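*Asks:* This is the structure, below, for whatever I ask next.
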Amino acid sequence: MYKKALVLSPRVAAPMAILALAGSVNAAVLEEVIVTAQKRAENLQDVPITLTAFDGEALDKFGITDTRSLEATTPGLISSKTTSTGQSFWLRGIGSRFAFAGQDPSTAVYMDDRYIGRSNAIFFDFADVERVEVLKGPQGILYGRNATAGAIRVISKDVGEEFERELNTGLGNYGARRVSGTVNVPVSDTFGFRFTMLDKERDGFALNLDPRGRNELDDLNTSAYRTKFRWDITEDVTSKLTVGYRESDDTQGSDIVDRTPPYGINAGVAAGGISSTEPRYVATAGDGSVDVEEIDVSLRFDVAFDRVDFASITTYDKFKMYADNGDADGTSARLFDGVDQTIDVDSYSQEFQLISSLDGNWNWLAGAFFYVEDINQFQINLDLRDGPAGRFGSQGNTAVKTTASAIYGQATYEFTDAWALTLGGRYTIEEKEAEVNAPGGNYLPLGHTFPFNDEEEWKEFTPKVSLEYSFEQGMAYLTFSRGFKSGAFDYPASKVNAITGQAVDTLDPEILDMVELGWKTELLDSSVRFNGAIYYYDYSDLQVTRAATDPNTGSVVNLIENAADATVMGAEFDLVWQVNDALRLRMGANYNDSEYENYIAVGNILNSIVTGNPNAAGARSVPGYDADGKKMLRSPSFSGFVSAEYDFYVPGGTLPVMVNYSYKSEYDFDFVVDPDMRNLTQDGYGLVNANIAYIPDGEQWKLSVWGNNLTDEEYFDDLVVNGAGIRGSYADPRTYGFDIQYRF
């Protein structure tokens, strides 16, 4: 039932003086943490990978209710909603701001065994989750598809052997309401199913100053359903079928405001529009929303033989999104307002695995992976009627087909009780076909050459070598690993880059080589876990995605280009101390030193700076910006957290209390090519979250009171410069509420 949360939490550093104090306390023992990061159940302390793991109770205590909120307790991780339709993850400074059709995110996200290929779909809410694992560094073998930054794995609870029913409900400020429920039914000794539902709503974080648009922006309205079936066909053969459905209709991330200094030179304001000058207010004529519908199916067969286990994993996903609420200028002017965007994605994957079940010195696994994704992106139209064009523009109709196939293998040999060597590799073939056609109607083409057709194939071998040394208190490992992210097509597609005037070819693949020295230890009679790693990244042909301005039309385009090279050096630490049965301390930190090398980029700059006229409105893109030696975008030098959990024993039950503080140092959303572009820098910020619960004896129900961002820190999810100027989207304000969980 409600066990104490003793799983390893995120990256942690602690003064050695704290460890010394532990010897004077009657220390409790940390429970073993089982993960499946290497596709087999293993003790976290035996896995030579930098890995953060949360079980279901830890997710509740830290207020982690969706993939996005993982960053509060995972140093080195940044998540952002770049617009109401785009999401991105950044790990150790590696990420992709956008991943349009023909492009892919750098952090691979998995729901159980299903790979989620679209950045529009990687943010989702948790319900009935067994565990979340965040794997850092290139996962070039076992989770190899484009996982140059790392992988996030969400593992839902499996069908159990007991009849279970659980209901969760909660209320919060901004009209927040959440209801979820689960029922587990063992129909027979060999067959059962588990059904979970979630419904979540919240009013908007921002009020609209323009009466033509929606009254509130950045609201939430989503629901999800999942059914898992398990059939033990024989003692050695098990089948699992999962069917999921989710839908949403809201405006998350759409609270776009003008951040162009000084107020008035944003092109939308100059055209007669207005914008908010303070948080929680926006001004937009848009009255639409983002409508998402997704259906997913996964079928897994596991067969146990004498010396090997076999698994077959088949997945299918149907993702549809319609959006008509984009506002790229951050003002009430209809300058770059998105009015029509439809994405329709069908994806299918098939994976076969062979995993050894030997008890000797050898352990190995091998597999094959096949993936097909069809994307149709229709009529990405912008309302330009208040701008110089005076009409509507379109980026056309896009169709991209991706076919990826790979074979992989990994083997570990234990030379002695202390030394082991792991060798692995993955050979990948990726094919992409893209077609862009002109839209119907009299639309102004935005950045495209119509028609556009292209296809490309990339092949890469990604190896891994890891040497492990085990000692009484734990283990140390030295790993070399390569990550691969396939090439892509520039977007908008064109034969000539409108900004640089150079011929456009397909983007080269990203290649990331990592060397990591790590350790995992349990100290003071297993009451302290102290893990850490020092790493070095050598990045080639990094794909950098940013907003830009088409000089021919003045419209917003999204620029993606290959940076020549980049390097990252860093260290991170992880500590959990179970002081006694009541008190747990956790701390985590990541230090990251990153820079681009030999990168001549397209820079964005205000027209007032270029012309010397302080009243010149808008911004423009100019080629030739020397980014050599500049810190990588969205890469804070330091991030960390500290938390304390204490279980007060009161008459009739337990009162667990958790307080968490997380901090990120400053980072740039885009290149600051001039001091007057300083608004593209996010200052360092700290967040305070807390949770207090009451669990009665018998543990049949639980009442929790929680609060996130209790100091109401103001910071940004996204800042970007385009033809209008600089615009931004604020992150979540202070939120609080209560939840009730009942098991019957």
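Chain identifiers are assigned as A, B, and so on, following the order in which chains appear in the structure tokens; residues are numbered from 1 within each chain, and ligands are numbered from 1 in order of appearance.
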Give me the residues within 10 Å of Ser69 (chain A) as a PDB file with N, CA and C atoms, in the first residue's frame, counting only C-alpha atoms and dropping any in the same chain fewer than 2 places off.

*Replies:*
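Saved to around_38.pdb:
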```
ATOM      1  N   LEU A  59       6.419  10.290  -7.257  1.00  0.00           N
ATOM      2  CA  LEU A  59       5.784  11.207  -8.195  1.00  0.00           C
ATOM      3  C   LEU A  59       4.729  12.050  -7.497  1.00  0.00           C
ATOM      4  N   PHE A  62       6.447  14.690  -5.007  1.00  0.00           N
ATOM      5  CA  PHE A  62       7.139  15.794  -5.671  1.00  0.00           C
ATOM      6  C   PHE A  62       6.214  16.591  -6.590  1.00  0.00           C
ATOM      7  N   GLY A  63       4.952  16.199  -6.676  1.00  0.00           N
ATOM      8  CA  GLY A  63       4.022  16.920  -7.532  1.00  0.00           C
ATOM      9  C   GLY A  63       4.289  16.722  -9.008  1.00  0.00           C
ATOM     10  N   ILE A  64       4.851  15.566  -9.362  1.00  0.00           N
ATOM     11  CA  ILE A  64       5.142  15.265 -10.762  1.00  0.00           C
ATOM     12  C   ILE A  64       3.909  14.583 -11.349  1.00  0.00           C
ATOM     13  N   THR A  65       3.112  15.341 -12.053  1.00  0.00           N
ATOM     14  CA  THR A  65       1.847  14.828 -12.584  1.00  0.00           C
ATOM     15  C   THR A  65       1.865  14.629 -14.086  1.00  0.00           C
ATOM     16  N   ASP A  66       2.951  15.054 -14.751  1.00  0.00           N
ATOM     17  CA  ASP A  66       3.067  14.877 -16.194  1.00  0.00           C
ATOM     18  C   ASP A  66       4.543  14.879 -16.569  1.00  0.00           C
ATOM     19  N   THR A  67       4.841  14.605 -17.831  1.00  0.00           N
ATOM     20  CA  THR A  67       6.236  14.555 -18.264  1.00  0.00           C
ATOM     21  C   THR A  67       6.922  15.901 -18.091  1.00  0.00           C
ATOM     22  N   GLU A  71      11.189  18.167 -14.610  1.00  0.00           N
ATOM     23  CA  GLU A  71      12.382  18.995 -14.501  1.00  0.00           C
ATOM     24  C   GLU A  71      12.606  19.556 -13.102  1.00  0.00           C
ATOM     25  N   ALA A  72      11.567  19.621 -12.263  1.00  0.00           N
ATOM     26  CA  ALA A  72      11.717  20.202 -10.926  1.00  0.00           C
ATOM     27  C   ALA A  72      12.660  19.384 -10.053  1.00  0.00           C
ATOM     28  N   THR A  73      12.766  18.085 -10.325  1.00  0.00           N
ATOM     29  CA  THR A  73      13.614  17.225  -9.503  1.00  0.00           C
ATOM     30  C   THR A  73      14.594  16.421 -10.350  1.00  0.00           C
ATOM     31  N   THR A  74      14.888  16.893 -11.551  1.00  0.00           N
ATOM     32  CA  THR A  74      15.866  16.244 -12.410  1.00  0.00           C
ATOM     33  C   THR A  74      16.846  17.287 -12.922  1.00  0.00           C
ATOM     34  N   ILE A  78      15.477  20.381 -18.871  1.00  0.00           N
ATOM     35  CA  ILE A  78      14.604  21.532 -19.089  1.00  0.00           C
ATOM     36  C   ILE A  78      13.486  21.097 -20.030  1.00  0.00           C
ATOM     37  N   SER A  79      12.265  21.421 -19.663  1.00  0.00           N
ATOM     38  CA  SER A  79      11.135  21.179 -20.548  1.00  0.00           C
ATOM     39  C   SER A  79      10.468  22.514 -20.833  1.00  0.00           C
ATOM     40  N   SER A  80       9.993  22.679 -22.060  1.00  0.00           N
ATOM     41  CA  SER A  80       9.332  23.942 -22.379  1.00  0.00           C
ATOM     42  C   SER A  80       8.280  23.721 -23.445  1.00  0.00           C
ATOM     43  N   PHE A 123       4.325  15.553 -24.286  1.00  0.00           N
ATOM     44  CA  PHE A 123       3.853  16.037 -22.993  1.00  0.00           C
ATOM     45  C   PHE A 123       2.487  15.411 -22.725  1.00  0.00           C
ATOM     46  N   ASP A 125      -0.152  13.593 -19.303  1.00  0.00           N
ATOM     47  CA  ASP A 125      -0.374  13.489 -17.872  1.00  0.00           C
ATOM     48  C   ASP A 125      -0.230  12.050 -17.403  1.00  0.00           C
TER      49      ASP A 125
END
```

*Asks:* Pick out the residues sitting within 8 Å of region 151-157 of chain A, and hand them over as an MDAnalysis selection string; count only C-alpha atoms, and ignore anything fewer than 4 positions along from it in its own chain.

*Replies:* chainID A and resid 107:112 127:136 139 143 147

*Asks:* For Gln741 (chain A), work out the shell of residues within 10 Å, counting only C-alpha atoms and skipping chain neighbours fewer than 6 positions away, then give it as an mmCIF file with N, CA and C atoms, in the first residue's frame.

*Replies:*
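Dumped to result.cif:
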```
data_model
loop_
_atom_site.group_PDB
_atom_site.id
_atom_site.type_symbol
_atom_site.label_atom_id
_atom_site.label_comp_id
_atom_site.auth_asym_id
_atom_site.auth_seq_id
_atom_site.Cartn_x
_atom_site.Cartn_y
_atom_site.Cartn_z
ATOM 1 N N GLU A 166 -9.311 1.976 -7.199
ATOM 2 C CA GLU A 166 -8.712 3.198 -6.659
ATOM 3 C C GLU A 166 -9.350 4.407 -7.328
ATOM 4 N N LEU A 167 -9.671 5.425 -6.510
ATOM 5 C CA LEU A 167 -10.256 6.667 -7.013
ATOM 6 C C LEU A 167 -9.453 7.835 -6.477
ATOM 7 N N ASN A 168 -9.068 8.749 -7.367
ATOM 8 C CA ASN A 168 -8.334 9.951 -6.991
ATOM 9 C C ASN A 168 -9.091 11.172 -7.499
ATOM 10 N N THR A 169 -9.223 12.156 -6.646
ATOM 11 C CA THR A 169 -9.866 13.393 -7.060
ATOM 12 C C THR A 169 -9.198 14.564 -6.354
ATOM 13 N N GLY A 170 -9.220 15.714 -6.990
ATOM 14 C CA GLY A 170 -8.567 16.872 -6.403
ATOM 15 C C GLY A 170 -9.081 18.171 -6.974
ATOM 16 N N VAL A 179 -9.707 14.210 -11.797
ATOM 17 C CA VAL A 179 -10.324 12.961 -11.378
ATOM 18 C C VAL A 179 -9.642 11.827 -12.132
ATOM 19 N N SER A 180 -9.227 10.802 -11.411
ATOM 20 C CA SER A 180 -8.682 9.612 -12.054
ATOM 21 C C SER A 180 -9.117 8.391 -11.259
ATOM 22 N N GLY A 181 -9.198 7.282 -11.953
ATOM 23 C CA GLY A 181 -9.611 6.055 -11.290
ATOM 24 C C GLY A 181 -9.036 4.844 -11.992
ATOM 25 N N ILE A 695 -2.349 10.001 6.243
ATOM 26 C CA ILE A 695 -2.630 8.610 5.895
ATOM 27 C C ILE A 695 -3.064 7.903 7.174
ATOM 28 N N GLN A 700 -6.276 2.998 3.847
ATOM 29 C CA GLN A 700 -7.313 2.839 2.836
ATOM 30 C C GLN A 700 -7.548 4.120 2.054
ATOM 31 N N TRP A 701 -7.205 5.257 2.648
ATOM 32 C CA TRP A 701 -7.373 6.518 1.947
ATOM 33 C C TRP A 701 -6.237 7.464 2.336
ATOM 34 N N LYS A 702 -6.104 8.531 1.575
ATOM 35 C CA LYS A 702 -5.054 9.522 1.820
ATOM 36 C C LYS A 702 -5.555 10.894 1.395
ATOM 37 N N LEU A 703 -5.289 11.896 2.214
ATOM 38 C CA LEU A 703 -5.595 13.289 1.905
ATOM 39 C C LEU A 703 -4.284 14.057 1.784
ATOM 40 N N SER A 704 -4.101 14.762 0.666
ATOM 41 C CA SER A 704 -2.869 15.518 0.426
ATOM 42 C C SER A 704 -3.204 16.978 0.134
#
```

*Asks:* Please provide as a list of chain:residue names all residues within 9 Å of Tyr539 (chain A), with the sequence filter that same-chain residues fewer than 2 positions apart are discarded (counting only C-alpha atoms).

*Replies:*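 The residues that qualify are A:Glu510, A:Ile511, A:Leu512, A:Asp513, A:Met514, A:Tyr537, A:Asp541, A:Leu542, A:Ala564, A:Asp565, A:Ala566, A:Thr567, A:Val568.
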
*Asks:* Within 12 Å of Asp46 (chain A), counting only C-alpha atoms, which residues qualify if same-chain residues fewer than 6 places away don't, as a list in words?

*Replies:*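 Contacts, with the query itself left out: Glu32, Val33, Ile34, Val35, Thr36, Ala37, Gln38, Arg40, Ala420, Glu468, Tyr469, Ser470, Phe471, Gln473, Gly474, Met475, Ala476, Tyr477, Gly518, Trp519, Lys520, Thr521, Glu522 and Asn531 of chain A.
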
*Asks:* So, with only C-alpha atoms as the atoms that count, which of A:Phe573, A:Phe126, A:Phe744, A:Phe229 lies closest to Gly56 (chain A)?

*Replies:*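 Counting only C-alpha atoms, the residue closest to Gly56 (chain A) is A:Phe126.
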
*Asks:* Just checking: using only C-alpha atoms, which residue out of A:Pro656, A:Thr148, A:Asp676, A:Lys664 ends up closest to Glu57 (chain A)?

*Replies:*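 Of A:Pro656, A:Thr148, A:Asp676, A:Lys664, the one nearest Glu57 (chain A) is A:Pro656, counting only C-alpha atoms.
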
*Asks:* Quick one: residues within 10 Å of region 207-214 of chain A, only C-alpha atoms, excluding same-chain residues fewer than 2 positions away - as a list in words?

*Replies:*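 My list of contacting residues is Asp203, Gly204, Phe205, Glu216, Leu217, Asp218, Thr251, Asp255, Gly273, Ile274, Ser275, Ser276, Pro279, Arg280, Tyr281, Val282, Ala283, Thr284, Ala285, Gly286, Asp287, Gly288, Ser289, Asn325, Thr331, Ser332 and Ala333 of chain A.
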
*Asks:* Neighbouring residues of Gly618 (chain A) were defined as those with any atom within 7 Å, considering only C-alpha atoms; residues of the same chain fewer than 4 positions away were excluded. Please report them as an mmCIF file with N, CA and C atoms, in the first residue's frame.

*Replies:*
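So the final result, stored in result_35.cif, reads:
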```
data_model
loop_
_atom_site.group_PDB
_atom_site.id
_atom_site.type_symbol
_atom_site.label_atom_id
_atom_site.label_comp_id
_atom_site.auth_asym_id
_atom_site.auth_seq_id
_atom_site.Cartn_x
_atom_site.Cartn_y
_atom_site.Cartn_z
ATOM 1 N N ILE A 265 8.080 49.138 -30.112
ATOM 2 C CA ILE A 265 8.758 48.856 -31.380
ATOM 3 C C ILE A 265 8.521 47.420 -31.841
ATOM 4 N N ASN A 266 7.722 46.662 -31.117
ATOM 5 C CA ASN A 266 7.226 45.414 -31.680
ATOM 6 C C ASN A 266 6.385 45.759 -32.906
ATOM 7 N N ALA A 267 6.553 45.009 -33.996
ATOM 8 C CA ALA A 267 5.850 45.339 -35.233
ATOM 9 C C ALA A 267 4.339 45.287 -35.050
ATOM 10 N N LEU A 606 17.093 43.375 -33.609
ATOM 11 C CA LEU A 606 16.025 44.371 -33.772
ATOM 12 C C LEU A 606 16.387 45.357 -34.875
ATOM 13 N N ASN A 607 15.386 45.784 -35.624
ATOM 14 C CA ASN A 607 15.606 46.775 -36.678
ATOM 15 C C ASN A 607 16.095 48.102 -36.115
ATOM 16 N N GLY A 723 10.224 38.242 -36.802
ATOM 17 C CA GLY A 723 10.032 39.485 -37.535
ATOM 18 C C GLY A 723 9.308 40.564 -36.771
ATOM 19 N N ALA A 724 8.484 40.193 -35.802
ATOM 20 C CA ALA A 724 7.745 41.187 -35.024
ATOM 21 C C ALA A 724 8.595 41.806 -33.923
ATOM 22 N N GLY A 725 9.501 41.051 -33.361
ATOM 23 C CA GLY A 725 10.300 41.485 -32.215
ATOM 24 C C GLY A 725 10.585 40.296 -31.319
#
```

*Asks:* Could you check the closest approach to Leu680 (chain A) for each of A:Val720, A:Leu423, A:Ile256, A:Val602 and tell me which residue wins, using only C-alpha atoms?

*Replies:*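 Closest residue, counting only C-alpha atoms: A:Val720.
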
*Asks:* So that I can check the secondary structure, give me every residue of region 162-399 of chain A assigned alpha helix (DSSP H) by backbone DSSP, as a count of residues only.

*Replies:* 4

*Asks:* Counting only C-alpha atoms, which residue out of A:Trp419, A:Phe370, A:Phe671, A:Phe89 sits closest to Tyr625 (chain A)?

*Replies:*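 For Tyr625 (chain A), the nearest of the given residues is A:Phe671.
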
*Asks:* Here is a test: counting only C-alpha atoms, which residue of A:Ala571, A:Ala582, A:Val269, A:Ala404 is nearest to Gly330 (chain A)?

*Replies:* A:Val269

*Asks:* Nearest to Ile609 (chain A) among A:Asp291, A:Asp626, A:Glu430, A:Asp674, with distances taken over only C-alpha atoms: which residue is it?

*Replies:*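 With only C-alpha atoms as the atom set, the closest residue is A:Asp674.
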
*Asks:* Going by DSSP on the backbone, which residues of region 159-313 of chain A come out as strand (DSSP E or B)? List them as a PyMOL selection string.

*Replies:* chain A and resi 164-172+176-185+191-202+206-208+216-217+220-232+237-250+256-258+281-282+290-304+308-313

*Asks:* Please indicate the distance in Å from CA of Gly698 (chain A) to CA of Leu30 (chain A), rounded to one decimal place.

*Replies:*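 Between these atoms lies a distance of 22.9 Å.
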
*Asks:* Can you tell me how far CA of Phe352 (chain A) sits from CA of Glu433 (chain A), in Å to one decimal?

*Replies:* 25.7 Å

*Asks:* What is the CA of Asp697 (chain A)-CA of Gly653 (chain A) distance in Å, reported with one decimal?

*Replies:* 4.7 Å
